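So this one's upload02.pdb, PDB, C-alpha atoms:
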ATOM      1  CA  MET B  20     204.398 226.981  76.139
ATOM      2  CA  THR B  21     206.213 229.849  74.449
ATOM      3  CA  GLY B  22     209.937 230.549  74.394
ATOM      4  CA  ALA B  23     209.349 233.455  76.761
ATOM      5  CA  ASP B  24     207.730 231.076  79.249
ATOM      6  CA  LEU B  25     210.785 228.831  79.147
ATOM      7  CA  THR B  26     213.301 231.585  79.787
ATOM      8  CA  MET B  27     212.208 232.428  83.298
ATOM      9  CA  ASN B  28     214.913 233.110  85.831
ATOM     10  CA  GLU B  29     216.558 230.631  88.175
ATOM     11  CA  ARG B  30     213.697 230.869  90.675
ATOM     12  CA  SER B  31     211.508 228.845  88.324
ATOM     13  CA  PHE B  32     213.595 225.617  88.567
ATOM     14  CA  ILE B  33     213.066 225.175  84.812
ATOM     15  CA  VAL B  34     215.927 223.766  82.734
ATOM     16  CA  LEU B  35     216.538 226.202  79.895
ATOM     17  CA  PRO B  36     216.248 224.697  76.398
ATOM     18  CA  MET B  37     219.019 225.017  73.802
ATOM     19  CA  PRO B  38     219.787 226.958  71.782
ATOM     20  CA  GLN B  39     218.976 230.216  73.557
ATOM     21  CA  ILE B  40     218.546 233.552  71.853
ATOM     22  CA  PRO B  41     221.008 235.978  73.468
ATOM     23  CA  PRO B  42     219.319 238.825  75.359
ATOM     24  CA  GLU B  43     219.410 242.292  73.921
ATOM     25  CA  PRO B  44     222.574 244.095  75.109
ATOM     26  CA  SER B  45     220.549 246.890  76.701
ATOM     27  CA  LEU B  46     218.442 244.420  78.709
ATOM     28  CA  ASP B  47     221.530 242.480  79.756
ATOM     29  CA  ARG B  48     223.227 245.692  80.905
ATOM     30  CA  ARG B  49     220.189 246.764  82.900
ATOM     31  CA  ALA B  50     220.111 243.367  84.618
ATOM     32  CA  GLN B  51     223.823 243.673  85.401
ATOM     33  CA  ILE B  52     223.263 247.057  87.044
ATOM     34  CA  LEU B  53     220.258 245.832  89.043
ATOM     35  CA  GLU B  54     222.146 242.811  90.376
ATOM     36  CA  ALA B  55     225.045 245.031  91.411
ATOM     37  CA  ALA B  56     222.651 247.444  93.119
ATOM     38  CA  ILE B  57     221.090 244.640  95.175
ATOM     39  CA  VAL B  58     224.527 243.658  96.462
ATOM     40  CA  CYS B  59     225.400 247.271  97.318
ATOM     41  CA  PHE B  60     222.078 247.965  99.052
ATOM     42  CA  ALA B  61     222.402 244.748 101.061
ATOM     43  CA  LYS B  62     225.971 245.552 102.151
ATOM     44  CA  ARG B  63     225.706 249.300 102.763
ATOM     45  CA  GLY B  64     222.020 250.153 102.923
ATOM     46  CA  PHE B  65     220.079 252.356 100.534
ATOM     47  CA  HIS B  66     221.239 255.698 101.950
ATOM     48  CA  GLN B  67     224.919 254.791 102.147
ATOM     49  CA  THR B  68     225.063 253.407  98.597
ATOM     50  CA  SER B  69     226.033 255.801  95.815
ATOM     51  CA  MET B  70     225.759 255.403  92.067
ATOM     52  CA  HIS B  71     229.563 255.172  92.076
ATOM     53  CA  ASP B  72     229.320 252.183  94.441
ATOM     54  CA  ILE B  73     226.909 250.492  92.051
ATOM     55  CA  SER B  74     229.133 251.190  89.069
ATOM     56  CA  ALA B  75     232.146 249.734  90.879
ATOM     57  CA  GLU B  76     230.206 246.586  91.830
ATOM     58  CA  ALA B  77     228.936 246.211  88.260
ATOM     59  CA  GLY B  78     232.385 246.878  86.776
ATOM     60  CA  ILE B  79     231.153 249.633  84.475
ATOM     61  CA  SER B  80     231.465 253.412  84.414
ATOM     62  CA  VAL B  81     229.072 255.542  86.421
ATOM     63  CA  GLY B  82     228.313 257.501  83.257
ATOM     64  CA  LEU B  83     227.023 254.336  81.631
ATOM     65  CA  ILE B  84     224.730 253.677  84.603
ATOM     66  CA  TYR B  85     223.190 257.115  84.207
ATOM     67  CA  ARG B  86     222.317 256.211  80.625
ATOM     68  CA  TYR B  87     219.940 253.610  82.062
ATOM     69  CA  PHE B  88     218.889 255.055  85.444
ATOM     70  CA  ALA B  89     218.557 258.676  86.528
ATOM     71  CA  ASN B  90     219.081 257.957  90.251
ATOM     72  CA  LYS B  91     218.809 255.294  92.957
ATOM     73  CA  GLU B  92     215.039 255.643  93.112
ATOM     74  CA  ALA B  93     214.870 254.745  89.407
ATOM     75  CA  VAL B  94     216.985 251.668  90.130
ATOM     76  CA  ILE B  95     214.570 250.595  92.883
ATOM     77  CA  SER B  96     211.613 251.223  90.585
ATOM     78  CA  ALA B  97     213.150 248.945  87.941
ATOM     79  CA  MET B  98     213.773 246.303  90.601
ATOM     80  CA  ALA B  99     210.125 246.505  91.630
ATOM     81  CA  ASP B 100     208.953 246.090  88.036
ATOM     82  CA  ARG B 101     211.220 243.091  87.531
ATOM     83  CA  HIS B 102     210.160 241.491  90.808
ATOM     84  CA  THR B 103     206.476 241.983  89.998
ATOM     85  CA  LYS B 104     206.961 240.054  86.766
ATOM     86  CA  GLU B 105     208.818 237.302  88.639
ATOM     87  CA  ILE B 106     205.966 237.089  91.154
ATOM     88  CA  LYS B 107     203.391 236.756  88.379
ATOM     89  CA  ASP B 108     205.437 233.996  86.736
ATOM     90  CA  LEU B 109     205.774 232.208  90.074
ATOM     91  CA  LEU B 110     202.065 232.505  90.836
ATOM     92  CA  GLU B 111     201.263 231.033  87.439
ATOM     93  CA  ARG B 112     203.448 228.016  88.277
ATOM     94  CA  ALA B 113     201.709 227.695  91.633
ATOM     95  CA  ARG B 114     198.292 227.722  89.948
ATOM     96  CA  GLN B 115     199.291 224.674  87.910
ATOM     97  CA  ALA B 116     200.021 222.608  91.036
ATOM     98  CA  PRO B 117     197.479 219.851  91.810
ATOM     99  CA  SER B 118     196.887 220.928  95.416
ATOM    100  CA  LEU B 119     197.043 223.996  97.613
ATOM    101  CA  LEU B 120     199.840 222.447  99.675
ATOM    102  CA  GLU B 121     201.983 221.996  96.582
ATOM    103  CA  SER B 122     201.176 225.550  95.494
ATOM    104  CA  LEU B 123     202.382 226.867  98.841
ATOM    105  CA  GLU B 124     205.510 224.710  98.632
ATOM    106  CA  ILE B 125     206.355 226.285  95.280
ATOM    107  CA  LEU B 126     205.871 229.769  96.697
ATOM    108  CA  PHE B 127     207.807 229.164  99.925
ATOM    109  CA  THR B 128     210.798 227.487  98.267
ATOM    110  CA  ALA B 129     211.102 229.720  95.189
ATOM    111  CA  HIS B 130     214.145 231.591  96.510
ATOM    112  CA  CYS B 131     216.055 228.584  97.833
ATOM    113  CA  CYS B 132     218.227 228.164  94.741
ATOM    114  CA  GLU B 133     218.965 231.855  94.241
ATOM    115  CA  ASN B 134     222.523 233.076  94.154
ATOM    116  CA  SER B 135     223.420 234.660  97.505
ATOM    117  CA  PRO B 136     219.988 234.257  99.149
ATOM    118  CA  LYS B 137     221.285 235.908 102.313
ATOM    119  CA  VAL B 138     222.182 239.020 100.305
ATOM    120  CA  GLN B 139     218.678 239.001  98.813
ATOM    121  CA  SER B 140     217.118 238.795 102.269
ATOM    122  CA  ALA B 141     219.310 241.587 103.643
ATOM    123  CA  PHE B 142     218.356 243.757 100.678
ATOM    124  CA  VAL B 143     214.636 243.238 101.284
ATOM    125  CA  VAL B 144     214.981 244.047 104.995
ATOM    126  CA  ASP B 145     216.792 247.301 104.175
ATOM    127  CA  LEU B 146     214.186 248.112 101.537
ATOM    128  CA  TYR B 147     211.432 247.790 104.158
ATOM    129  CA  ALA B 148     213.377 250.150 106.404
ATOM    130  CA  GLU B 149     213.730 252.670 103.572
ATOM    131  CA  ALA B 150     210.010 252.382 102.829
ATOM    132  CA  SER B 151     209.262 253.539 106.368
ATOM    133  CA  ARG B 152     210.781 256.967 105.609
ATOM    134  CA  ASN B 153     210.438 257.313 101.828
ATOM    135  CA  VAL B 154     206.892 257.607 100.487
ATOM    136  CA  ALA B 155     207.849 256.784  96.892
ATOM    137  CA  ILE B 156     209.670 253.603  97.939
ATOM    138  CA  ALA B 157     206.785 252.688 100.245
ATOM    139  CA  ASP B 158     204.369 252.900  97.322
ATOM    140  CA  LEU B 159     206.571 250.613  95.216
ATOM    141  CA  VAL B 160     206.930 248.055  97.999
ATOM    142  CA  ARG B 161     203.203 248.182  98.718
ATOM    143  CA  ASP B 162     202.365 247.525  95.063
ATOM    144  CA  VAL B 163     204.698 244.517  94.897
ATOM    145  CA  LEU B 164     203.281 243.091  98.124
ATOM    146  CA  GLN B 165     199.726 243.622  96.922
ATOM    147  CA  THR B 166     200.474 241.670  93.750
ATOM    148  CA  SER B 167     201.776 238.798  95.867
ATOM    149  CA  MET B 168     198.923 238.846  98.360
ATOM    150  CA  ASP B 169     196.248 239.088  95.677
ATOM    151  CA  GLY B 170     197.735 236.073  93.938
ATOM    152  CA  VAL B 171     197.908 233.959  97.098
ATOM    153  CA  THR B 172     194.403 235.025  98.129
ATOM    154  CA  ASP B 173     193.118 233.881  94.745
ATOM    155  CA  LEU B 174     194.921 230.534  95.105
ATOM    156  CA  ILE B 175     193.287 229.970  98.487
ATOM    157  CA  ALA B 176     189.836 231.065  97.343
ATOM    158  CA  ARG B 177     189.918 228.600  94.418
ATOM    159  CA  SER B 178     191.269 225.652  96.387
ATOM    160  CA  PRO B 179     189.080 222.726  97.515
ATOM    161  CA  GLU B 180     191.158 222.538 100.717
ATOM    162  CA  ALA B 181     190.095 225.985 101.855
ATOM    163  CA  LYS B 182     186.462 225.146 101.211
ATOM    164  CA  GLU B 183     186.570 221.796 102.998
ATOM    165  CA  ALA B 184     188.930 222.459 105.899
ATOM    166  CA  ALA B 185     188.052 224.177 109.144
ATOM    167  CA  THR B 186     189.808 227.496 108.555
ATOM    168  CA  HIS B 187     188.708 229.033 111.865
ATOM    169  CA  GLY B 188     186.173 231.259 110.151
ATOM    170  CA  LEU B 189     188.910 233.213 108.348
ATOM    171  CA  THR B 190     188.443 234.597 104.847
ATOM    172  CA  PRO B 191     190.935 233.878 102.040
ATOM    173  CA  GLU B 192     192.293 237.415 102.530
ATOM    174  CA  GLU B 193     192.868 236.816 106.232
ATOM    175  CA  LEU B 194     194.488 233.443 105.576
ATOM    176  CA  SER B 195     196.777 235.085 103.034
ATOM    177  CA  GLU B 196     197.779 237.702 105.599
ATOM    178  CA  LEU B 197     198.761 234.964 108.055
ATOM    179  CA  ILE B 198     200.825 233.181 105.409
ATOM    180  CA  PHE B 199     202.654 236.384 104.537
ATOM    181  CA  ALA B 200     203.288 237.118 108.194
ATOM    182  CA  VAL B 201     205.082 233.775 108.446
ATOM    183  CA  ALA B 202     206.945 234.411 105.191
ATOM    184  CA  ARG B 203     208.212 237.783 106.459
ATOM    185  CA  GLY B 204     209.343 236.165 109.678
ATOM    186  CA  MET B 205     211.298 233.574 107.699
ATOM    187  CA  LEU B 206     212.848 236.372 105.676
ATOM    188  CA  MET B 207     214.117 238.057 108.836
ATOM    189  CA  ARG B 208     215.437 234.719 110.041
ATOM    190  CA  ASP B 209     217.337 234.270 106.768
ATOM    191  CA  VAL B 210     219.417 237.345 107.534
ATOM    192  CA  LEU B 211     220.645 235.712 110.756
ATOM    193  CA  GLN B 212     221.315 232.255 109.324
ATOM    194  CA  PRO B 213     224.916 231.015 109.048
ATOM    195  CA  GLN B 214     226.382 231.760 105.631
ATOM    196  CA  GLU B 215     227.264 228.105 105.083
ATOM    197  CA  MET B 216     223.637 226.930 105.001
ATOM    198  CA  THR B 217     223.202 225.030 101.738
ATOM    199  CA  ALA B 218     220.385 225.403  99.247
ATOM    200  CA  ALA B 219     219.207 221.899 100.207
ATOM    201  CA  ASP B 220     219.148 222.819 103.909
ATOM    202  CA  ARG B 221     217.257 226.013 103.137
ATOM    203  CA  ARG B 222     214.709 224.165 101.020
ATOM    204  CA  THR B 223     214.172 221.498 103.690
ATOM    205  CA  ARG B 224     213.579 224.134 106.353
ATOM    206  CA  GLN B 225     211.156 226.057 104.151
ATOM    207  CA  LEU B 226     209.209 222.900 103.336
ATOM    208  CA  GLU B 227     208.908 222.019 107.017
ATOM    209  CA  VAL B 228     207.516 225.456 107.829
ATOM    210  CA  THR B 229     205.123 225.345 104.865
ATOM    211  CA  ARG B 230     203.712 221.952 105.843
ATOM    212  CA  ARG B 231     203.232 222.953 109.480
ATOM    213  CA  LEU B 232     201.414 226.088 108.383
ATOM    214  CA  TRP B 233     199.256 224.144 105.941
ATOM    215  CA  ARG B 234     198.302 221.584 108.628
ATOM    216  CA  LEU B 235     197.357 224.385 110.979
ATOM    217  CA  LEU B 236     195.220 226.279 108.481
ATOM    218  CA  PHE B 237     193.876 223.781 105.956
ATOM    219  CA  LYS B 238     194.178 220.138 107.018
ATOM    220  CA  THR B 239     190.888 218.295 107.464
ATOM    221  CA  GLU B 240     190.404 215.730 110.203
ATOM    222  CA  SER B 241     190.367 212.836 107.709
ATOM    223  CA  GLU B 242     193.682 213.683 106.067
ATOM    224  CA  PRO B 243     196.964 212.127 107.167
ATOM    225  CA  ALA B 244     199.624 214.392 108.633
ATOM    226  CA  TYR B 245     202.619 215.229 106.492
ATOM    227  CA  ALA B 246     206.095 214.543 107.814
TER     228      ALA B 246
END

Go ahead and express the file in the form of C-alpha cells.
Amino acid sequence: MTGADLTMNERSFIVLPMPQIPPEPSLDRRAQILEAAIVCFAKRGFHQTSMHDISAEAGISVGLIYRYFANKEAVISAMADRHTKEIKDLLERARQAPSLLESLEILFTAHCCENSPKVQSAFVVDLYAEASRNVAIADLVRDVLQTSMDGVTDLIARSPEAKEAATHGLTPEELSELIFAVARGMLMRDVLQPQEMTAADRRTRQLEVTRRLWRLLFKTESEPAYA
C-alpha cells in the first residue's frame, strides 16, 4: 500500500501513520475554502451564499479565494472532483471486503464519523435542489452519482450472494438503484435528525438499515438472519 493510499480522509477509518508529509500549501488552502463553502451552502443555500460569505467562513480574504476559484460554480466543480475521488477510494475499500453485506456496510456507514454530518446532509439536499434548475450543476451531480452507482453495480455483479440469492429477477443495475433509493431516503432523514445524535448512534442506525436491505434483496433461505 502506498503513502497516498494511507492518507485518505476521515471517511476511510484508517489510522494515519507517522510521520506525515505536510500537504502543499495550495492544496491545503483549496481544502479550507471547500470546507467553508460546504458550511455556507448548507446554512444559506447555494443562491444565497456569496464568495464573501465563503471567505468569512474560511477566515481569509475574498481576493485570495478568487485566486483559486473564479466563481461558486467552480467551487462546486472542485467539490465534485474531490467527492468523486473519495467515492473511488471508498469503493476500493468495499471491494476488499469478504462479503457483499460487509461491502454494503462500509458504503452505508462511511459518513458516520464525518465532522458535522448534518451539515453535509443539508448541503447535499440543497445541491440536489440547485441541480433541478442549473444544468451545469445537474451534470456534475449526475456524474458523481453515476460513479457511485457504477461501482455498486459492479460490486453486486461480482458477488456470490447476488448469484445465489433470489433477487426477484432484478439485474445488478436495478438492485443498485434500489439501494441508492434507500440511501437517498436516509440522507433526507439525516437532515431532520436531532443534532445531538452521536456518531455511534448514527452508525448503529445505518447498520440496521443496511442489514434489513441486504436480507430483503440477497439473503438465501439457508442463511441465518442478522440481528

Chain and number of each residue from the PyMOL selection byres ((chain B and resi 167-173) around 12), as a ChimeraX atom specification
/B:102-114,119-120,122-123,125-127,160-166,174-178,181,189-200,202

So that I can see what lies close to Val81 in chain B, please list as a compact mmCIF listing (two decimals) with C-alpha atoms, in the coordinates of the input the residues with an atom at most 12 Å from it, counting only C-alpha atoms and leaving out residues fewer than 4 positions away in the same chain.
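Result went into part23.txt, see below:
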# COMPACT_ATOMS: atom_id res chain seq x y z
CA ILE B 52 223.26 247.06 87.04
CA SER B 69 226.03 255.80 95.82
CA MET B 70 225.76 255.40 92.07
CA HIS B 71 229.56 255.17 92.08
CA ASP B 72 229.32 252.18 94.44
CA ILE B 73 226.91 250.49 92.05
CA SER B 74 229.13 251.19 89.07
CA ALA B 75 232.15 249.73 90.88
CA GLU B 76 230.21 246.59 91.83
CA ALA B 77 228.94 246.21 88.26
CA TYR B 85 223.19 257.12 84.21
CA ARG B 86 222.32 256.21 80.62
CA TYR B 87 219.94 253.61 82.06
CA PHE B 88 218.89 255.06 85.44
CA ALA B 89 218.56 258.68 86.53
CA ASN B 90 219.08 257.96 90.25

Result set of the PyMOL selection byres ((chain B and resi 57) around 12) on the coordinates above, as an mmCIF file with C-alpha atoms, in the coordinates of the input:
data_model
loop_
_atom_site.group_PDB
_atom_site.id
_atom_site.type_symbol
_atom_site.label_atom_id
_atom_site.label_comp_id
_atom_site.auth_asym_id
_atom_site.auth_seq_id
_atom_site.Cartn_x
_atom_site.Cartn_y
_atom_site.Cartn_z
ATOM 1 C CA ALA B 50 220.111 243.367 84.618
ATOM 2 C CA GLN B 51 223.823 243.673 85.401
ATOM 3 C CA ILE B 52 223.263 247.057 87.044
ATOM 4 C CA LEU B 53 220.258 245.832 89.043
ATOM 5 C CA GLU B 54 222.146 242.811 90.376
ATOM 6 C CA ALA B 55 225.045 245.031 91.411
ATOM 7 C CA ALA B 56 222.651 247.444 93.119
ATOM 8 C CA VAL B 58 224.527 243.658 96.462
ATOM 9 C CA CYS B 59 225.400 247.271 97.318
ATOM 10 C CA PHE B 60 222.078 247.965 99.052
ATOM 11 C CA ALA B 61 222.402 244.748 101.061
ATOM 12 C CA LYS B 62 225.971 245.552 102.151
ATOM 13 C CA ARG B 63 225.706 249.300 102.763
ATOM 14 C CA GLY B 64 222.020 250.153 102.923
ATOM 15 C CA PHE B 65 220.079 252.356 100.534
ATOM 16 C CA THR B 68 225.063 253.407 98.597
ATOM 17 C CA ASP B 72 229.320 252.183 94.441
ATOM 18 C CA ILE B 73 226.909 250.492 92.051
ATOM 19 C CA GLU B 76 230.206 246.586 91.830
ATOM 20 C CA ALA B 77 228.936 246.211 88.260
ATOM 21 C CA LYS B 91 218.809 255.294 92.957
ATOM 22 C CA VAL B 94 216.985 251.668 90.130
ATOM 23 C CA ILE B 95 214.570 250.595 92.883
ATOM 24 C CA ALA B 97 213.150 248.945 87.941
ATOM 25 C CA MET B 98 213.773 246.303 90.601
ATOM 26 C CA ALA B 99 210.125 246.505 91.630
ATOM 27 C CA ASN B 134 222.523 233.076 94.154
ATOM 28 C CA SER B 135 223.420 234.660 97.505
ATOM 29 C CA PRO B 136 219.988 234.257 99.149
ATOM 30 C CA LYS B 137 221.285 235.908 102.313
ATOM 31 C CA VAL B 138 222.182 239.020 100.305
ATOM 32 C CA GLN B 139 218.678 239.001 98.813
ATOM 33 C CA SER B 140 217.118 238.795 102.269
ATOM 34 C CA ALA B 141 219.310 241.587 103.643
ATOM 35 C CA PHE B 142 218.356 243.757 100.678
ATOM 36 C CA VAL B 143 214.636 243.238 101.284
ATOM 37 C CA VAL B 144 214.981 244.047 104.995
ATOM 38 C CA ASP B 145 216.792 247.301 104.175
ATOM 39 C CA LEU B 146 214.186 248.112 101.537
#

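Minimum atom-to-atom distance to Leu232 in chain B, evaluated using only C-alpha atoms, belongs to B:Val201 out of B:Ala218, B:Val201, B:Ala148, B:Leu206.
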
Between CA of Thr217 in chain B and CA of Leu235 in chain B - distance in Å to one decimal:
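Between CA of Leu235 in chain B and CA of Thr217 in chain B the gap works out to 27.5 Å.
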
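Counting all atoms listed in the file, the residue from B:Asp100, B:Glu92, B:Asp47, B:Glu227 that sits nearest to Ala150 in chain B is B:Glu92.
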
Interatomic distance, CA of Ile156 in chain B to CA of Ser96 in chain B (Å, one decimal):
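A separation of 8.0 Å between them.
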
Could you give me, as a list in words, the residues that sit within 12 Å of (207.5, 221.7, 108.2) in the file's coordinates, counting all atoms listed in the file?
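Protein and nucleic acid residues near the point are Leu120, Leu123, Glu124, Phe127, Thr128, Arg221, Arg222, Thr223, Arg224, Gln225, Leu226, Glu227, Val228, Thr229, Arg230, Arg231, Leu232, Trp233, Arg234, Leu235, Ala244, Tyr245 and Ala246 of chain B.
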
CA of Gly204 in chain B to CA of Ala129 in chain B: how many Å, to one decimal?
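The value is 16.0 Å.
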
Nearest to Leu83 in chain B among B:His130, B:Arg48, B:Ala116, B:Gln67, with distances taken over all atoms listed in the file: which residue is it?
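The answer is B:Arg48, which sits nearest to Leu83 in chain B.
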
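Among the candidate residues B:Leu159, B:Ala219, B:Val210, B:Leu236, the one lying nearest to Gly188 in chain B is B:Leu236, with distances computed using all atoms listed in the file.
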